[in-house]
Structures are given as C-alpha cells and as structure tokens.
Amino acid sequence: MKKFKVILPLLLAIILGGMFVTWKNQSYSATDILENANFDVENPTVTLHRIDTDTEDIFSEMKISKETQRELIQSFQQATFKKTAIKTIDYDYRMTISLNTSYPMFIDSKNKILVLLNTNESFELIKDHAFFSLLEKATEDSQN
C-alpha cells in the first residue's frame with residue numbers, strides 16, 4: 001500500500017508533465033487553422049490589401065498576378081503555425097484566401113503573426129516556407 005501511495009503521485013506527475021509539454025509545443029498546419037479548407041479547388045485566389053493608418057483610405061488593394069497568388073497559397077499551405085495569445089494591432093496586410101470559402105485574416109509581418117477574422121484566433125508562423133518573402137514580392141509587384 002505504501003508503494004502505491006508513492007507510485008501513483010509520481011505516475012500522475014509524469015503524465016501531466018508529458019501532456020503539458022505536448023500541449024505547449026503543439027503546431028498546426030494550414031488545414032488545421034483554416035476550418036474545412038480545401039486547397040485542391042479549381043481557382044483559388046488571394047486578395048491582398050496593404051494597411052496604412054496614415055492615409056485616409058486605410059486599406060489599399062494590391063494587384064498581384066495569378067502566379068504570385070498561387071505561390072502565396074502554396075507557401076501558406078506548407079507553413080506551420082503555433083497558437084499564440086499575442087494580440088497585435090500592428091498589422092501590415094489584410095489578406096483573404098478564397099478556396100472553397102473565404103478565409104480573411106490580418107497579418108503582422110514584423111512579428112510573423114496572423115489573426116483569423118472568422119475565429120479571432122492568433123497564430124505565429126513558425127515555419128513560413130518563404131511566405132513573407134512572397135508577400136514582400138507581391139508588394140513590390142503591385143507598385144510597378
């Protein structure tokens with residue numbers, strides 16, 4: 001009985017510690033964070049707006065080529081995310097990925113954080129697969 005009293009709390013501590021480590025390091029894929037997303041649709045699109053609070057029209061739509069849209073979607077699909085409690089208001093972009101439905105989000109490129117507008121959840125991109133360099137390319141292309 002004495003062994004049982006020692007082993008039970010030790011076993012419980014090990015299980016809880018393992019659950020905490022697993023929960024803390026949990027990463028998500030794009031299909032995890034975009035509920036019911038189907039990346040295999042025929043004509044996926046990306047609508048991108050630059051956010052500039054110093055102008056009268058805060059959202060300015062950026063014209064991006066179909067090729068860049070496809071690259072952004074592929075990069076986003078391959079990215080890995082981590083849920084975060086950080087709530088930023090320093091957004092650079094408002095992006096909508098249209099697949100089987102629309103997935104609007106705000107993006108803070110400096111901190112690599114996005115906030116999904118459908119769920120109001122924040123995620124940090126931990127493996128972005130060139131997503132932010134593609135956003136920068138889209139910005140440059142839209143200015144030309």
# chains A, B, ... in the order shown; residues from 1 in each chain; ligands from 1
>>> residues_around(residues="stretch 101-118 of chain A", least_positions_apart="5", cutoff="12 Å", atoms="only C-alpha atoms", output="PyMOL selection string")
chain A and resi 30-31+33-39+41+43-51+59+73+76+79-96+123-128+130-136
>>> write_last_selection(atoms="C-alpha atoms", output="tab-separated table (two decimals), in the first residue's frame")
chain	number	residue	atom	x	y	z
A	30	ALA	CA	-2.84	25.44	-42.63
A	31	THR	CA	-5.70	22.96	-42.89
A	33	ILE	CA	-6.24	26.58	-38.65
A	34	LEU	CA	-8.46	27.20	-41.68
A	35	GLU	CA	-11.52	25.16	-40.79
A	36	ASN	CA	-12.70	22.88	-43.61
A	37	ALA	CA	-10.18	24.37	-46.07
A	38	ASN	CA	-9.86	22.59	-49.39
A	39	PHE	CA	-6.64	23.64	-51.09
A	41	VAL	CA	-10.19	23.77	-55.51
A	43	ASN	CA	-9.46	28.54	-58.94
A	44	PRO	CA	-8.04	29.59	-55.57
A	45	THR	CA	-7.40	33.32	-55.19
A	46	VAL	CA	-5.73	35.74	-52.82
A	47	THR	CA	-6.95	39.27	-52.21
A	48	LEU	CA	-4.37	41.42	-50.51
A	49	HIS	CA	-4.72	44.89	-49.01
A	50	ARG	CA	-1.90	46.92	-47.57
A	51	ILE	CA	-2.80	48.67	-44.32
A	59	PHE	CA	-6.87	49.64	-46.92
A	73	ILE	CA	-1.35	29.86	-51.38
A	76	PHE	CA	0.69	29.20	-46.80
A	79	ALA	CA	3.53	26.66	-43.41
A	80	THR	CA	3.48	25.56	-39.78
A	81	PHE	CA	1.73	27.62	-37.13
A	82	LYS	CA	1.69	27.90	-33.37
A	83	LYS	CA	-1.25	29.30	-31.44
A	84	THR	CA	-0.34	32.47	-29.60
A	85	ALA	CA	-2.01	34.71	-27.07
A	86	ILE	CA	-0.29	37.77	-28.51
A	87	LYS	CA	-2.86	40.24	-29.76
A	88	THR	CA	-1.15	42.72	-32.01
A	89	ILE	CA	-2.66	45.75	-33.69
A	90	ASP	CA	0.37	46.49	-35.84
A	91	TYR	CA	-1.00	44.84	-38.98
A	92	ASP	CA	0.65	45.31	-42.37
A	93	TYR	CA	-1.83	43.40	-44.51
A	94	ARG	CA	-5.37	42.17	-44.72
A	95	MET	CA	-5.41	39.02	-46.80
A	96	THR	CA	-8.29	36.84	-47.91
A	123	PHE	CA	-1.21	32.24	-34.81
A	124	GLU	CA	2.51	32.69	-35.18
A	125	LEU	CA	4.14	31.32	-38.31
A	126	ILE	CA	6.99	29.15	-37.10
A	127	LYS	CA	7.92	27.65	-40.50
A	128	ASP	CA	6.74	30.04	-43.17
A	130	ALA	CA	9.02	31.83	-47.86
A	131	PHE	CA	5.53	33.20	-47.19
A	132	PHE	CA	6.76	36.59	-46.01
A	133	SER	CA	9.26	36.99	-48.83
A	134	LEU	CA	6.39	36.26	-51.24
A	135	LEU	CA	4.30	38.94	-49.51
A	136	GLU	CA	7.17	41.36	-50.00
>>> closest_residue(among="A:Glu42, A:Asp54, A:Asp32, A:Asp141", to="A:Leu99", atoms="only C-alpha atoms")
A:Glu42
>>> closest_residue(among="A:Ile97, A:Ala138, A:Ile14, A:Ile7", to="A:Ser65", atoms="only C-alpha atoms")
A:Ala138
>>> select_by_dssp(residues="stretch 42-132 of chain A", states="strand (DSSP E or B)", output="PyMOL selection string")
chain A and resi 45-51+59-62+80-84+93-98+102-108+113-116+121-127
